[in-house]
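One file, query-v5.cif, is given below (mmCIF, C-alpha atoms).
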data_start
loop_
_atom_site.label_atom_id
_atom_site.label_comp_id
_atom_site.auth_asym_id
_atom_site.auth_seq_id
_atom_site.Cartn_x
_atom_site.Cartn_y
_atom_site.Cartn_z
CA MET A 245 21.92 61.23 34.54
CA LYS A 246 23.34 60.47 37.94
CA LYS A 247 26.23 58.06 38.14
CA GLY A 248 24.34 55.66 40.44
CA LEU A 249 21.40 55.43 38.03
CA LYS A 250 23.73 54.72 35.12
CA ILE A 251 25.34 51.89 37.08
CA ALA A 252 21.94 50.45 37.96
CA ILE A 253 20.78 50.53 34.33
CA ALA A 254 24.04 48.94 33.17
CA SER A 255 23.63 46.21 35.76
CA ILE A 256 20.05 45.50 34.66
CA LEU A 257 21.12 45.33 31.01
CA SER A 258 23.98 42.99 31.89
CA ILE A 259 21.64 40.72 33.80
CA SER A 260 19.14 40.74 30.93
CA ILE A 261 21.83 39.89 28.38
CA ALA A 262 23.22 37.14 30.60
CA GLY A 263 19.72 35.76 31.19
CA GLY A 264 18.99 35.81 27.48
CA ALA A 265 22.24 34.04 26.73
CA MET A 266 21.51 31.36 29.31
CA PHE A 267 18.02 30.84 27.93
CA TYR A 268 19.44 30.54 24.41
CA LEU A 269 22.03 27.99 25.56
CA SER A 270 19.42 26.01 27.49
CA GLN A 271 17.31 25.70 24.33
CA SER A 272 20.21 24.96 21.98
CA VAL A 273 23.59 23.58 23.05
CA ILE A 274 22.56 22.31 26.50
CA LYS A 275 19.33 20.74 25.20
CA TYR A 276 21.20 19.18 22.27
CA ARG A 277 23.75 17.59 24.59
CA SER A 278 20.98 16.24 26.81
CA ILE A 279 19.79 14.19 23.83
CA GLY A 280 23.03 12.24 23.91
CA TYR A 281 23.04 11.94 27.68
CA ASN A 282 19.41 11.12 28.38
CA ILE A 283 17.70 9.78 25.23
CA THR A 284 19.90 8.09 22.65
CA PRO A 285 21.87 5.67 24.89
CA GLY A 286 20.41 2.23 24.29
CA LEU A 287 18.55 3.23 21.12
CA PRO A 288 19.64 1.63 17.83
CA ASP A 289 21.66 3.65 15.35
CA ALA A 290 19.97 5.11 12.29
CA ALA A 291 18.59 2.42 9.99
CA LYS A 292 20.56 1.52 6.88
CA PRO A 293 19.54 -0.15 3.60
CA TYR A 294 19.15 -3.89 4.05
CA PRO A 295 22.56 -5.34 3.03
CA TYR A 296 21.41 -8.87 2.16
CA ALA A 297 18.74 -8.04 -0.42
CA ASP A 298 20.77 -9.66 -3.22
CA ILE A 299 21.45 -12.97 -1.47
CA GLU A 300 20.90 -15.96 -3.76
CA VAL A 301 17.89 -18.14 -2.90
CA PRO A 302 18.20 -21.92 -3.46
CA ASP A 303 16.09 -23.38 -6.28
CA ASP A 304 14.67 -26.10 -4.03
CA PHE A 305 12.93 -23.62 -1.69
CA ARG A 306 9.15 -24.05 -1.87
CA ALA A 307 6.47 -21.38 -1.92
CA CYS A 308 4.62 -20.70 1.36
CA SER A 309 1.77 -18.36 2.22
CA VAL A 310 0.72 -17.45 5.76
CA LYS A 311 -1.85 -14.78 6.68
CA GLY A 312 -1.43 -12.84 3.45
CA ILE A 313 2.38 -13.02 3.46
CA ASP A 314 4.17 -15.01 0.74
CA PHE A 315 7.73 -16.33 1.01
CA TYR A 316 10.00 -19.18 -0.03
CA ALA A 317 11.55 -21.56 2.49
CA PRO A 318 13.19 -24.98 2.70
CA ASP A 319 10.89 -27.93 2.05
CA GLY A 320 9.58 -29.86 5.04
CA LEU A 321 8.05 -27.07 7.12
CA ASP A 322 4.87 -27.84 9.01
CA TRP A 323 2.50 -26.11 11.42
CA MET A 324 3.77 -25.98 14.98
CA TYR A 325 0.16 -25.88 16.21
CA PRO A 326 -1.84 -27.60 13.44
CA PHE A 327 -5.23 -27.19 15.13
CA GLU A 328 -4.97 -23.46 15.84
CA THR A 329 -6.95 -21.26 13.43
CA ASP A 330 -6.37 -17.78 14.82
CA GLY A 331 -3.98 -15.81 17.00
CA VAL A 332 -0.20 -16.05 17.16
CA LYS A 333 -0.09 -19.86 17.26
CA SER A 334 -1.94 -20.14 13.94
CA GLY A 335 0.96 -18.54 12.06
CA ILE A 336 3.99 -20.59 13.19
CA LEU A 337 5.87 -22.99 10.90
CA VAL A 338 8.75 -25.21 12.03
CA ASP A 339 11.08 -27.69 10.36
CA ASN A 340 10.80 -30.26 13.13
CA ALA A 341 8.05 -31.08 15.63
CA ASP A 342 10.72 -32.14 18.12
CA GLU A 343 11.89 -28.95 19.84
CA GLN A 344 15.33 -30.43 20.53
CA GLU A 345 15.88 -31.12 16.82
CA ARG A 346 14.43 -27.86 15.54
CA ASP A 347 16.65 -25.66 13.32
CA LEU A 348 14.13 -23.23 11.82
CA LEU A 349 11.00 -21.39 12.95
CA ILE A 350 8.91 -18.85 11.04
CA CYS A 351 6.10 -16.87 12.67
CA VAL A 352 3.70 -14.55 10.84
CA LEU A 353 1.49 -12.38 13.03
CA ASP A 354 -1.91 -10.95 12.14
CA PRO A 355 -2.07 -7.52 10.46
CA GLU A 356 -2.04 -4.62 12.91
CA GLU A 357 -3.39 -1.12 12.62
CA PRO A 358 -1.33 0.95 15.06
CA VAL A 359 -3.36 3.32 17.16
CA GLU A 360 -2.36 6.88 16.35
CA SER A 361 -2.15 7.80 19.99
CA PHE A 362 0.65 9.65 21.70
CA GLY A 363 -1.33 10.79 24.70
CA ASN A 364 -4.92 11.74 25.40
CA ASP A 365 -6.71 12.39 22.10
CA VAL A 366 -3.41 13.22 20.35
CA THR A 367 -3.02 11.82 16.84
CA LEU A 368 -0.19 11.72 14.33
CA ALA A 369 -1.43 14.99 12.84
CA ASP A 370 -1.06 16.67 16.23
CA VAL A 371 2.49 15.51 16.92
CA PHE A 372 4.13 18.07 14.68
CA ASP A 373 3.29 21.61 15.74
CA GLU A 374 4.44 24.59 13.68
CA LYS A 375 7.60 25.01 15.77
CA THR A 376 8.57 21.39 15.20
CA LYS A 377 7.76 21.58 11.49
CA LYS A 378 10.01 24.64 11.16
CA GLY A 379 12.90 22.78 12.73
CA MET A 380 12.25 19.68 10.63
CA ALA A 381 12.31 21.79 7.46
CA LYS A 382 15.72 23.16 8.45
CA LEU A 383 16.90 19.61 9.10
CA GLY A 384 15.62 18.52 5.69
CA TYR A 385 12.96 16.19 7.11
CA GLU A 386 9.49 15.88 5.62
CA VAL A 387 6.45 15.78 7.88
CA PRO A 388 5.06 12.19 7.77
CA THR A 389 1.48 11.55 6.74
CA THR A 390 1.35 7.75 7.30
CA TYR A 391 2.45 5.49 10.12
CA TYR A 392 5.16 3.96 7.91
CA ASP A 393 6.52 7.42 7.08
CA PHE A 394 6.55 8.26 10.79
CA ILE A 395 8.48 5.11 11.76
CA TYR A 396 10.84 5.57 8.81
CA LEU A 397 11.58 9.10 9.98
CA LEU A 398 12.27 7.95 13.54
CA ASN A 399 14.45 5.09 12.31
CA THR A 400 16.62 7.28 10.08
CA ILE A 401 17.14 10.52 12.03
CA LYS A 402 20.72 11.33 12.99
CA PRO A 403 21.39 13.71 15.90
CA GLU A 404 24.78 14.56 14.41
CA ASP A 405 22.98 16.21 11.47
CA CYS A 406 21.49 18.76 13.87
CA ASN A 407 23.05 22.19 14.30
CA GLN A 408 23.39 22.44 18.07
CA PHE A 409 23.33 26.26 17.85
CA SER A 410 19.93 26.31 16.12
CA VAL A 411 17.06 26.45 18.61
CA SER A 412 14.48 25.28 16.06
CA GLU A 413 16.60 22.33 14.86
CA VAL A 414 17.40 21.24 18.41
CA ASN A 415 13.75 21.49 19.42
CA ALA A 416 12.71 19.30 16.49
CA MET A 417 15.50 16.75 17.04
CA TYR A 418 14.76 16.54 20.76
CA LYS A 419 11.10 15.81 20.09
CA LEU A 420 11.86 13.24 17.37
CA GLU A 421 14.45 11.43 19.49
CA THR A 422 11.99 11.34 22.38
CA TYR A 423 9.35 9.73 20.16
CA LYS A 424 11.95 7.29 18.85
CA GLY A 425 12.58 6.16 22.40
CA VAL A 426 8.86 5.78 23.05
CA MET A 427 8.03 4.03 19.77
CA ALA A 428 11.07 1.73 19.54
CA PRO A 429 9.65 -1.79 19.67
CA ALA A 430 10.94 -4.44 22.02
CA PHE A 431 12.72 -7.17 20.09
CA MET A 432 10.11 -9.91 20.01
CA SER A 433 11.43 -13.44 19.93
CA TYR A 434 9.88 -16.89 19.80
CA LYS A 435 12.63 -19.16 21.13
CA LEU A 436 13.78 -21.69 18.54
CA ASN A 437 14.39 -24.48 21.03
CA SER A 438 15.76 -25.10 24.49
CA ALA A 439 19.22 -26.10 23.30
CA GLU A 440 22.02 -23.57 23.71
CA THR A 441 23.30 -22.59 20.25
CA GLY A 442 25.91 -20.08 21.38
CA GLN A 443 25.81 -16.32 20.90
CA ASN A 444 25.70 -15.50 17.20
CA MET A 445 28.46 -12.97 16.59
CA GLU A 446 26.72 -11.60 13.47
CA ALA A 447 23.49 -10.85 15.29
CA GLU A 448 24.09 -7.33 16.54
CA ASP A 449 20.87 -5.47 17.22
CA ASP A 450 20.65 -3.50 13.97
CA ILE A 451 17.71 -2.05 12.02
CA TYR A 452 17.48 -1.86 8.23
CA TYR A 453 14.88 -0.72 5.73
CA TYR A 454 13.97 -2.63 2.58
CA ASN A 455 11.50 -2.11 -0.28
CA ASN A 456 10.69 -4.63 -3.00
CA GLY A 457 7.95 -2.97 -5.02
CA ASN A 458 4.72 -4.14 -3.39
CA MET A 459 5.89 -3.71 0.19
CA ARG A 460 8.05 -1.57 2.40
CA SER A 461 9.63 -3.04 5.48
CA PHE A 462 11.94 -2.61 8.43
CA VAL A 463 14.24 -5.52 9.22
CA ARG A 464 15.62 -5.92 12.69
CA GLN A 465 18.54 -8.26 13.23
CA GLY A 466 19.25 -10.01 16.51
CA SER A 467 19.34 -13.40 18.22
CA ASP A 468 17.04 -15.37 20.46
CA LYS A 469 17.90 -16.14 24.06
CA ASN A 470 19.83 -19.26 23.11
CA GLY A 471 21.84 -17.60 20.38
CA ALA A 472 19.91 -18.61 17.24
CA TYR A 473 19.96 -16.01 14.47
CA GLU A 474 16.77 -13.97 14.12
CA LEU A 475 15.35 -11.45 11.68
CA MET A 476 12.15 -9.60 12.54
CA LEU A 477 10.41 -7.92 9.61
CA GLU A 478 7.78 -5.20 9.97
CA VAL A 479 6.03 -5.37 6.61
CA TYR A 480 3.80 -2.67 5.09
CA ASP A 481 1.67 -3.03 1.97
CA VAL A 482 2.43 -0.09 -0.35
CA ASN A 483 -1.34 0.36 -0.74
CA ASP A 484 -1.90 0.67 3.01
CA LEU A 485 1.01 2.26 4.85
CA ASN A 486 -0.98 2.49 8.07
CA THR A 487 -1.19 -1.30 8.51
CA TYR A 488 1.71 -3.69 9.05
CA GLN A 489 2.49 -7.33 9.77
CA THR A 490 5.34 -8.78 11.75
CA VAL A 491 7.29 -11.75 10.38
CA MET A 492 9.86 -13.49 12.60
CA ILE A 493 12.42 -15.88 11.11
CA ILE A 494 14.65 -17.73 13.57
CA GLY A 495 17.23 -20.34 12.65
CA LYS A 496 20.60 -21.86 13.38
CA ASP A 497 21.84 -21.18 9.84
CA VAL A 498 22.34 -17.47 9.14
CA ASP A 499 22.19 -17.75 5.35
CA THR A 500 18.92 -19.71 5.42
CA VAL A 501 17.24 -17.06 7.56
CA ARG A 502 18.46 -14.30 5.23
CA GLN A 503 17.38 -16.23 2.12
CA ILE A 504 13.85 -16.61 3.47
CA ALA A 505 13.71 -12.93 4.45
CA LYS A 506 14.78 -11.94 0.93
CA THR A 507 11.60 -13.60 -0.48
CA VAL A 508 9.04 -12.18 1.96
CA THR A 509 6.38 -10.18 0.14
CA ILE A 510 2.68 -9.25 0.25
CA ALA A 511 0.43 -11.94 -1.25
CA GLU A 512 -1.40 -10.89 -4.38
CA GLU A 513 -5.17 -10.97 -4.09
#

Would you give me this structure, written as structure tokens?
Amino acid sequence: MKKGLKIAIASILSISIAGGAMFYLSQSVIKYRSIGYNITPGLPDAAKPYPYADIEVPDDFRACSVKGIDFYAPDGLDWMYPFETDGVKSGILVDNADEQERDLLICVLDPEEPVESFGNDVTLADVFDEKTKKGMAKLGYEVPTTYYDFIYLLNTIKPEDCNQFSVSEVNAMYKLETYKGVMAPAFMSYKLNSAETGQNMEAEDDIYYYNNGNMRSFVRQGSDKNGAYELMLEVYDVNDLNTYQTVMIIGKDVDTVRQIAKTVTIAEE
């Protein structure tokens, strides 16, 4: 073989190897790093078990039931909009009709059935193609079959568990983190009152998960615009994990809000 031809072949092989290496890096290390640069900033950390599940509830709390959700709360609550029979306003309880004197507000929304839509005619079953499932298996993640399982997966994934040199793992993590960014709910808040309460230092924007037997839930901690402490619960009946209800508890006293949240459960039929 002539020397010039050998050089040409060697050059082609070198280019092919270099191109293959660059493609591999673009689908592994580079793509993995882009998750941290472009997707995860601003998203909450992985959810943790709810840390206040064992808080002691006062004996003088009274039983309440709103829209199929049972809970215990301090005596003296009344309807904020007593003549409303449906919609958001029909599920709001307050401890004082005078907004300036209000210390506690509880809002229970109607049950919701999330639309399994992630694009045109794409359902939950279509989200996880075989390539993604392969990567999820390597990551140790199960493919969700209900909306609760899907949200639980998104809330608990950890990019640091991903092997950045594995193309299949990176592909799966990239897709899951993208969906987490899309599905992450805005922190809803019904302002307690117009009085400034000061920024609550305990109210960092954290997400927890909590199960009590007849329900599974996600608990998001934060504060309203005036600094009152707020817990937002996304509650799922264990018998219907594709339907959820949102419960918002906002108050000036942190322990009271946590005590009420501890008692939230699905009403028995």

Run the PyMOL selection byres ((chain A and resi 464) around 6) on the file and write out the hits as a list in words.
Asp450, Ile451, Val463, Gln465, Leu475 and Met476 of chain A

Filtering to C-alpha atoms, could you give me those residues as a PDB file, keeping the file's coordinate frame?
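Saved file again09.pdb follows:
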ATOM      1  CA  ASP A 450      20.650  -3.500  13.970  1.00  0.00           C
ATOM      2  CA  ILE A 451      17.710  -2.050  12.020  1.00  0.00           C
ATOM      3  CA  VAL A 463      14.240  -5.520   9.220  1.00  0.00           C
ATOM      4  CA  GLN A 465      18.540  -8.260  13.230  1.00  0.00           C
ATOM      5  CA  LEU A 475      15.350 -11.450  11.680  1.00  0.00           C
ATOM      6  CA  MET A 476      12.150  -9.600  12.540  1.00  0.00           C
TER       7      MET A 476
END

So which residues get picked by the PyMOL selection byres ((chain A and resi 330-336) around 12) here, written as a count of residues only?
37

Could you list, as a list of chain:residue names, every residue matched by the PyMOL selection byres ((chain A and resi 377-383) around 7) in this structure?
A:Phe372, A:Asp373, A:Glu374, A:Lys375, A:Thr376, A:Gly384, A:Tyr385, A:Glu386, A:Val387, A:Cys406, A:Ser412, A:Glu413, A:Asn415, A:Ala416

Counting all atoms listed in the file, what is within 9 Å of segment 417-426 of chain A, bar same-chain residues fewer than 5 positions away, as an NGL selection string?
:A and (275-276 or 278-279 or 283-284 or 286-287 or 362 or 376 or 379-380 or 383 or 395 or 397-399 or 401-403 or 406 or 412)

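Between atom CA of Tyr396 of chain A and atom CA of Thr500 of chain A the interatomic distance comes to 26.8 Å.
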
Rounded to one decimal, what separation in Å do you get between atom CA of Leu485 of chain A and atom CA of Tyr473 of chain A?
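Separating atom CA of Leu485 of chain A from atom CA of Tyr473 of chain A is a distance of 28.0 Å.
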
Minimum-distance residue to Val482 of chain A, chosen among A:Ser410, A:Gln503, A:Thr390, A:Ser467 (using only C-alpha atoms)
A:Thr390

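Across the model, the gap from atom CA of Met459 of chain A to atom CA of Ala511 of chain A is 10.0 Å.
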
A:Glu404, A:Glu357, A:Asp347, A:Asp303 ranked by distance to Tyr488 of chain A, top pick (using all atoms listed in the file):
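Of A:Glu404, A:Glu357, A:Asp347, A:Asp303, the one nearest Tyr488 of chain A is A:Glu357, counting all atoms listed in the file.
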
What's the 7 Å shell around Phe315 of chain A, counting all atoms listed in the file, without same-chain residues fewer than 6 positions away, as a PyMOL selection string?
chain A and resi 307-309+504+507-509

Find the residue from A:Lys469, A:Ser461, A:Val301, A:Val498 that sits nearest to Asp393 of chain A; use all atoms listed in the file when measuring.
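Once distances to Asp393 of chain A are computed over all atoms listed in the file, the minimum belongs to A:Ser461.
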
Between A:Ala472, A:Ala505, A:Ile274, A:Asp319, which residue has the minimum interatomic distance to Val414 of chain A, considering all atoms listed in the file?
A:Ile274

Residue nearest Tyr454 of chain A - candidates A:Asp289, A:Glu343, A:Asp484, A:Glu478, atoms counted: all atoms listed in the file:
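That would be A:Glu478, the residue with the smallest distance to Tyr454 of chain A.
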
Counting all atoms listed in the file, which residue out of A:Asp342, A:Asp497, A:Asp314, A:Glu512 sits closest to Asn483 of chain A?
A:Glu512
